[in-house]
Amino acid sequence: MDVQDQETLGRWDGLSSRDAGSRTTAMEQIRQEVLTKVEAIGPVQPSSPSLPSGSPLSSDLNDILAHLLMLTKRCPFEDVRDRSVHLLQAVQDLGVRIPRPLGNGPSRFIPEKEILQVSKVDTRTQSIFEDAFAALGRLDNISLVMGFHPQYLESFLRTQHYLLQMDGPLSLHYRHYIGIMAAARHQCSYLVNLHVNDFLQVGGDPKWLNGLDGAPRKLQQLGELNKILAHRPWLLTKEHIEGLLKAEEHSWSLAELIHAVVLLTHYHSLASFTFGCGIVPEIHCDGGHTFRPPSLGHYCVCDIANGNNHHDSGSQDGCDGEVEVLMERMKHLQECRDDEEASQEEMATRFEREKTESMLVVTAEDEEWVPSRDISRHFEDPSYGYKDFSRRGEHVPTFRVQDYSWEDHGYSLVNRLYPDVGQMLDEKFQMAYNLTYNTMATHKDVDTSMLRRAIWNYIHCMFGIRYDDYDYGEINQLLDRSFKIYIKTMVCSPEKTTKRMYESFWRQFQHSEKVHVNLLLMEARMQAELLYALRAITRYMT
C-alpha cells in the first residue's frame with residue numbers, strides 16, 4: 001500500500017472515532033481532498049456532468065464519492081452523515097455527477113424503513129452499531145439486519161472480531177482467504193467481495209485471488225475439507241485430518257486447523273444467513289451504487305439523506321389463522337408429552353423416518369446454473385454440491401449426540417487449542433437457541449421453546465444428528481412444507497433462496513421473527529458442521 005493510500009485510509013479511520021472533534025477534523029481533510037481532486041479535473045462541460053472515465057484521477061475520486069455515499073446511509077454518527085451529504089451536494093453543484101445507491105436498503109426481502117427503525121428506537125443497538133463502525137470503519141448490511149436482535153448481534157460481532165483480528169494461530173491474510181474459500185462454496189459474492197477487500201488491506205498477495213492454484217500449497221490442501229464440510233460433513237474422516245497434519249513442509253498444526261475449521265464453518269453458515277435474508281452488496285462496493293442518472297426526473301443528493309426508496313411489506317393474503325393453528329398444535333403437543341411417552345424404539349424409528357423424508361424435500365428452483373467465473377475460481381469442483389447424494393439415494397449415517405456432543409466434547413477441544421473461542425461460540429449458540437421475546441406475530445406471553453427446538457433439531461436431523469430424548473414426530477406437526485423447503489434450501493443450497501420462498505413461510509409473522517429463524521438456521525448449521533469436524537479431529541488424536 002503506498003503512502004497516499006495509507007493517508008486516505010487514516011482519514012477514513014478518523015471518522016470512526018468516538019470523539020466528535022476527531023471526526024470533524026477527519027471530515028474536513030476529506031472535504032479538502034475531494035474539492036482539490038474535482039478542481040484538478042478541470043471544468044466539466046454542462047452538457048455531460050460526469051468525470052472523464054478511465055483516468056486514475058477520476059476512478060480515485062469515484063471511489064471516494066462512493067465511500068461518502070455509503071457514509072450518508074450507514075454511518076451511525078449523525079454528524080458524519082450530515083457532512084457527507086453536504087460534501088456530495090457541493091460536488092454535484094460543481095457539475096460532477098455523484099453516485100446513487102442501487103436497490104432499497106440492506107436487504108431485498110425486508111423494507112429498509114423497518115431495518116433502520118431499530119437503531120432509532122433502541123439505544124443498545126445504536127451503541128453496538130457505533131462500536132462495530134469504530135472497529136471496522138463500516139457498518140455492514142449483515143449487522144444492520146441482525147440489529148433486530150441486539151443481544152445476539154453483540155455476541156456475533158465479538159466472535160467474528162476475535163476470529164479475524166485478535167491473536168490466533170493463523171496470520172490475518174490466511175484468515176480472510178479462508179473466508180473467501182468458504183463463502184465461494186456457495187457462490188456468495190457478497191462475502192467474497194468483502195473479504196477480498198480485507199485480504200488486500202492486510203497485505204495479502206493479489207496473485208492468490210486469481211484462483212486457489214495461485215495460493216500456497218498449504219491453503220490448496222484445505223480445499224477438500226472446505227468442500228466436504230460445506231456439503232456432506234458426515235463423509236469427513238480422521239484420514240482427512242491426518243492428511244492435513246502430516247503434509248510434510250505444507251502441514252497444518254492442530255491449533256491452525258481448529259482456527260481454519262471454525263472460520264470455514266462460520267462462513268458457510270454466514271453465507272446461509274446472507275442469502276436467507278436477501279442481503280445486497282454494500283453501497284460503496286460493486287453492485288451497490290451507480291453513477292448513471294435515474295431514468296425518472298433528476299436525482300438530488302437530498303434523496304440520499306431522506307431515503308426516497310419506498311418498499312411495501314410482504315403480502316399476508318390467504319394466511320389468516322396460520323399463527324393460531326401453530327399455537328394450538330404446540331399446546332396439543334405439550335399435553336400429549338405430559339400424557340404418554342414413546343418407547344426408545346419408536347423414538348428411533350421417528351428419527352429415521354424424519355431423516356429420510358428430509359432427504360426427499362427438494363430445494364427451490366432446482367434448475368441447472370453455472371457459478372460465475374470470478375467466484376468459482378476460488379475453489380475446485382463446483383459440481384460437488386448437496387443435491388447429488390440425495391438424488392442417488394446415498395445414505396446419511398446417524399450421528400448420536402450422546403456419543404459426541406458440542407457441550408461435552410467439541411467445546412473443550414476448541415477451547416484447549418484456540419483459547420476463548422470455545423466459550424465465545426458456546427455463548428453464540430446459546431444466544432440463538434434461547435433468544436425469545438415470548439411473542440408469535442401479534443400474540444404475547446407465548447412459550448416458543450418447543451418451536452425453536454423443532455427448528456434446531458430438524459436442521460441437525462438433515463445432517464444425520466440425533467438427540468435420543470427428542471420426539472421427532474413433533475417436527476411434522478410444527479413445520480409445514482413451505483417452511484421445510486425454505487430451511488432445506490437455506491441450509492444446504494442457500495444460493496437458491498428466493499424472495500418468494502422467504503415470503504411464503506410464516507406469512508403472518510414479523511420480519512424480525514423471520515430474521516430470528518435465520519439466526520437459528522445459521523447457528524444450527526455451524527454447530528452441525530463443527531460436530532463432524534471436531535469428532536474427526538478427536539478420532540485422529542486418540
# chains A, B, ... in the order shown; residues from 1 in each chain; ligands from 1
$ closest_atom_pairs --of "segment 425-537 of chain A" --to "segment 351-354 of chain A" --cutoff "8 Å" --atoms "only C-alpha atoms" --output "CSV"
residue,atom,partner,partner_atom,distance
A:Cys461,CA,A:Glu354,CA,7.4
A:Arg466,CA,A:Phe351,CA,7.1
A:Asp471,CA,A:Phe351,CA,7.6
A:Tyr472,CA,A:Phe351,CA,5.3
A:Gly473,CA,A:Phe351,CA,7.8
$ closest_residue --among "A:Ser119, A:Ser512, A:Ser253, A:Thr24" --to "Lys218 of chain A" --atoms "only C-alpha atoms"
A:Ser253
$ residues_around --residues "Glu341 of chain A" --least-positions-apart "6" --cutoff "12 Å" --atoms "only C-alpha atoms" --output "CSV table (one decimal) with N, CA and C atoms, in the first residue's frame"
chain,number,residue,atom,x,y,z
A,333,LEU,N,-49.4,-30.7,21.5
A,333,LEU,CA,-48.2,-31.5,21.7
A,333,LEU,C,-47.7,-31.5,23.1
A,334,GLN,N,-47.8,-30.3,23.8
A,334,GLN,CA,-47.4,-30.3,25.2
A,334,GLN,C,-48.2,-31.2,26.1
A,335,GLU,N,-49.5,-31.2,25.8
A,335,GLU,CA,-50.5,-32.1,26.5
A,335,GLU,C,-50.1,-33.5,26.3
A,347,MET,N,-39.1,-43.9,19.2
A,347,MET,CA,-38.4,-42.6,19.1
A,347,MET,C,-37.3,-42.7,18.0
A,469,ASP,N,-33.4,-38.0,23.3
A,469,ASP,CA,-34.6,-37.6,24.2
A,469,ASP,C,-35.6,-36.8,23.4
A,470,TYR,N,-35.4,-36.6,22.1
A,470,TYR,CA,-36.4,-35.8,21.4
A,470,TYR,C,-37.3,-36.6,20.5
A,471,ASP,N,-38.6,-36.3,20.5
A,471,ASP,CA,-39.6,-37.0,19.7
A,471,ASP,C,-39.7,-36.3,18.4
A,473,GLY,N,-41.4,-36.9,15.9
A,473,GLY,CA,-42.8,-36.7,15.4
A,473,GLY,C,-43.3,-35.3,15.5
$ residues_around --residues "Thr274 of chain A" --least-positions-apart "6" --cutoff "10 Å" --atoms "only C-alpha atoms" --output "PyMOL selection string"
chain A and resi 107+141-142+145+188+190-191+267+280+490+494-495+497+518+522
$ residues_around --residues "segment 358-363 of chain A" --least-positions-apart "2" --cutoff "8 Å" --atoms "only C-alpha atoms" --output "list in words"
Glu354, Lys355, Thr356, Glu365, Asp366, Ser390, Cys461, Met462, Lys484, Ile485, Tyr486, Lys488, Thr489, Ser493 and Lys496 of chain A
$ closest_residue --among "A:Pro233, A:Pro293, A:Pro111, A:Gly168" --to "Gln510 of chain A" --atoms "only C-alpha atoms"
A:Pro111
$ residues_around --residues "Tyr411 of chain A" --least-positions-apart "2" --cutoff "10 Å" --atoms "only C-alpha atoms" --output "list in words"
Ser405, Trp406, Glu407, Asp408, His409, Leu413, Val414, Asn415, Arg416, Val421, Gly422, Gln423, Met424, Leu425, Asp426, Leu530, Leu531 and Leu534 of chain A
$ select_by_dssp --residues "segment 450-511 of chain A" --states "alpha helix (DSSP H)" --output "PyMOL selection string"
chain A and resi 450-462+473-478+481-492+499-504+511
$ residues_around --residues "Ser155 of chain A" --least-positions-apart "4" --cutoff "12 Å" --atoms "only C-alpha atoms" --output "PDB file with N, CA, C and O atoms, in the first residue's frame"
ATOM      1  N   ILE A 128     -24.099  -0.617  19.786  1.00  0.00           N
ATOM      2  CA  ILE A 128     -23.397  -1.734  19.130  1.00  0.00           C
ATOM      3  C   ILE A 128     -22.966  -1.312  17.729  1.00  0.00           C
ATOM      4  O   ILE A 128     -21.852  -1.620  17.283  1.00  0.00           O
ATOM      5  N   ALA A 132     -19.178  -1.268  16.246  1.00  0.00           N
ATOM      6  CA  ALA A 132     -18.820  -2.011  15.025  1.00  0.00           C
ATOM      7  C   ALA A 132     -18.174  -1.070  14.013  1.00  0.00           C
ATOM      8  O   ALA A 132     -17.164  -1.406  13.380  1.00  0.00           O
ATOM      9  N   SER A 143     -24.824  -6.825   9.684  1.00  0.00           N
ATOM     10  CA  SER A 143     -25.010  -6.298  11.049  1.00  0.00           C
ATOM     11  C   SER A 143     -26.302  -5.496  11.158  1.00  0.00           C
ATOM     12  O   SER A 143     -27.007  -5.576  12.167  1.00  0.00           O
ATOM     13  N   MET A 146     -29.093  -7.982  11.424  1.00  0.00           N
ATOM     14  CA  MET A 146     -29.032  -8.650  12.734  1.00  0.00           C
ATOM     15  C   MET A 146     -29.421  -7.691  13.859  1.00  0.00           C
ATOM     16  O   MET A 146     -29.711  -8.128  14.973  1.00  0.00           O
ATOM     17  N   GLY A 147     -29.403  -6.382  13.571  1.00  0.00           N
ATOM     18  CA  GLY A 147     -29.735  -5.380  14.585  1.00  0.00           C
ATOM     19  C   GLY A 147     -31.134  -5.540  15.168  1.00  0.00           C
ATOM     20  O   GLY A 147     -31.431  -4.976  16.226  1.00  0.00           O
ATOM     21  N   HIS A 149     -31.948  -8.023  16.608  1.00  0.00           N
ATOM     22  CA  HIS A 149     -31.679  -8.832  17.801  1.00  0.00           C
ATOM     23  C   HIS A 149     -30.332  -8.427  18.409  1.00  0.00           C
ATOM     24  O   HIS A 149     -29.325  -9.122  18.241  1.00  0.00           O
ATOM     25  N   PRO A 150     -30.314  -7.275  19.121  1.00  0.00           N
ATOM     26  CA  PRO A 150     -29.047  -6.707  19.582  1.00  0.00           C
ATOM     27  C   PRO A 150     -28.220  -7.635  20.476  1.00  0.00           C
ATOM     28  O   PRO A 150     -26.996  -7.647  20.379  1.00  0.00           O
ATOM     29  N   GLN A 151     -28.883  -8.422  21.336  1.00  0.00           N
ATOM     30  CA  GLN A 151     -28.124  -9.333  22.212  1.00  0.00           C
ATOM     31  C   GLN A 151     -27.317 -10.313  21.375  1.00  0.00           C
ATOM     32  O   GLN A 151     -26.154 -10.573  21.644  1.00  0.00           O
ATOM     33  N   THR A 159     -17.417 -12.488  18.484  1.00  0.00           N
ATOM     34  CA  THR A 159     -16.803 -13.728  17.999  1.00  0.00           C
ATOM     35  C   THR A 159     -16.092 -13.494  16.669  1.00  0.00           C
ATOM     36  O   THR A 159     -14.942 -13.900  16.485  1.00  0.00           O
ATOM     37  N   GLN A 160     -16.778 -12.832  15.742  1.00  0.00           N
ATOM     38  CA  GLN A 160     -16.203 -12.630  14.416  1.00  0.00           C
ATOM     39  C   GLN A 160     -14.944 -11.751  14.498  1.00  0.00           C
ATOM     40  O   GLN A 160     -13.948 -12.010  13.821  1.00  0.00           O
ATOM     41  N   HIS A 161     -14.984 -10.730  15.343  1.00  0.00           N
ATOM     42  CA  HIS A 161     -13.830  -9.848  15.523  1.00  0.00           C
ATOM     43  C   HIS A 161     -12.632 -10.657  16.053  1.00  0.00           C
ATOM     44  O   HIS A 161     -11.495 -10.500  15.591  1.00  0.00           O
ATOM     45  N   TYR A 162     -12.907 -11.530  16.997  1.00  0.00           N
ATOM     46  CA  TYR A 162     -11.833 -12.347  17.582  1.00  0.00           C
ATOM     47  C   TYR A 162     -11.239 -13.281  16.520  1.00  0.00           C
ATOM     48  O   TYR A 162     -10.023 -13.406  16.391  1.00  0.00           O
ATOM     49  N   VAL A 421     -12.178 -19.241  22.270  1.00  0.00           N
ATOM     50  CA  VAL A 421     -13.105 -19.334  21.144  1.00  0.00           C
ATOM     51  C   VAL A 421     -14.236 -20.320  21.438  1.00  0.00           C
ATOM     52  O   VAL A 421     -15.392 -20.080  21.083  1.00  0.00           O
ATOM     53  N   GLN A 423     -15.594 -20.814  24.263  1.00  0.00           N
ATOM     54  CA  GLN A 423     -16.509 -20.049  25.117  1.00  0.00           C
ATOM     55  C   GLN A 423     -17.372 -19.097  24.287  1.00  0.00           C
ATOM     56  O   GLN A 423     -18.594 -19.026  24.469  1.00  0.00           O
ATOM     57  N   MET A 424     -16.740 -18.394  23.358  1.00  0.00           N
ATOM     58  CA  MET A 424     -17.488 -17.427  22.524  1.00  0.00           C
ATOM     59  C   MET A 424     -18.516 -18.124  21.640  1.00  0.00           C
ATOM     60  O   MET A 424     -19.641 -17.650  21.495  1.00  0.00           O
ATOM     61  N   LEU A 425     -18.109 -19.240  21.029  1.00  0.00           N
ATOM     62  CA  LEU A 425     -19.043 -19.985  20.179  1.00  0.00           C
ATOM     63  C   LEU A 425     -20.207 -20.505  21.015  1.00  0.00           C
ATOM     64  O   LEU A 425     -21.362 -20.459  20.598  1.00  0.00           O
ATOM     65  N   ASP A 426     -19.881 -21.004  22.213  1.00  0.00           N
ATOM     66  CA  ASP A 426     -20.925 -21.545  23.083  1.00  0.00           C
ATOM     67  C   ASP A 426     -21.949 -20.467  23.424  1.00  0.00           C
ATOM     68  O   ASP A 426     -23.159 -20.701  23.356  1.00  0.00           O
ATOM     69  N   GLU A 427     -21.472 -19.280  23.753  1.00  0.00           N
ATOM     70  CA  GLU A 427     -22.392 -18.176  24.080  1.00  0.00           C
ATOM     71  C   GLU A 427     -23.261 -17.831  22.870  1.00  0.00           C
ATOM     72  O   GLU A 427     -24.456 -17.547  23.004  1.00  0.00           O
ATOM     73  N   LYS A 428     -22.651 -17.860  21.681  1.00  0.00           N
ATOM     74  CA  LYS A 428     -23.388 -17.507  20.457  1.00  0.00           C
ATOM     75  C   LYS A 428     -24.453 -18.569  20.139  1.00  0.00           C
ATOM     76  O   LYS A 428     -25.595 -18.243  19.791  1.00  0.00           O
ATOM     77  N   PHE A 429     -24.100 -19.854  20.286  1.00  0.00           N
ATOM     78  CA  PHE A 429     -25.091 -20.923  20.070  1.00  0.00           C
ATOM     79  C   PHE A 429     -26.252 -20.771  21.054  1.00  0.00           C
ATOM     80  O   PHE A 429     -27.422 -20.855  20.684  1.00  0.00           O
ATOM     81  N   GLN A 430     -25.893 -20.572  22.346  1.00  0.00           N
ATOM     82  CA  GLN A 430     -26.932 -20.451  23.387  1.00  0.00           C
ATOM     83  C   GLN A 430     -27.821 -19.244  23.118  1.00  0.00           C
ATOM     84  O   GLN A 430     -29.036 -19.296  23.295  1.00  0.00           O
ATOM     85  N   MET A 431     -27.189 -18.153  22.683  1.00  0.00           N
ATOM     86  CA  MET A 431     -27.931 -16.914  22.438  1.00  0.00           C
ATOM     87  C   MET A 431     -28.978 -17.129  21.341  1.00  0.00           C
ATOM     88  O   MET A 431     -30.142 -16.743  21.488  1.00  0.00           O
ATOM     89  N   ALA A 432     -28.570 -17.773  20.249  1.00  0.00           N
ATOM     90  CA  ALA A 432     -29.519 -18.002  19.152  1.00  0.00           C
ATOM     91  C   ALA A 432     -30.619 -18.974  19.587  1.00  0.00           C
ATOM     92  O   ALA A 432     -31.801 -18.764  19.298  1.00  0.00           O
TER      93      ALA A 432
END
$ atom_distance --atom1 "atom CA of Glu28 of chain A" --atom2 "atom CA of Val80 of chain A"
10.5 Å
$ closest_residue --among "A:Arg452, A:Arg23, A:Arg108, A:Arg175" --to "His259 of chain A" --atoms "only C-alpha atoms"
A:Arg175
$ atom_distance --atom1 "atom CA of Asn197 of chain A" --atom2 "atom CA of Glu224 of chain A"
24.7 Å
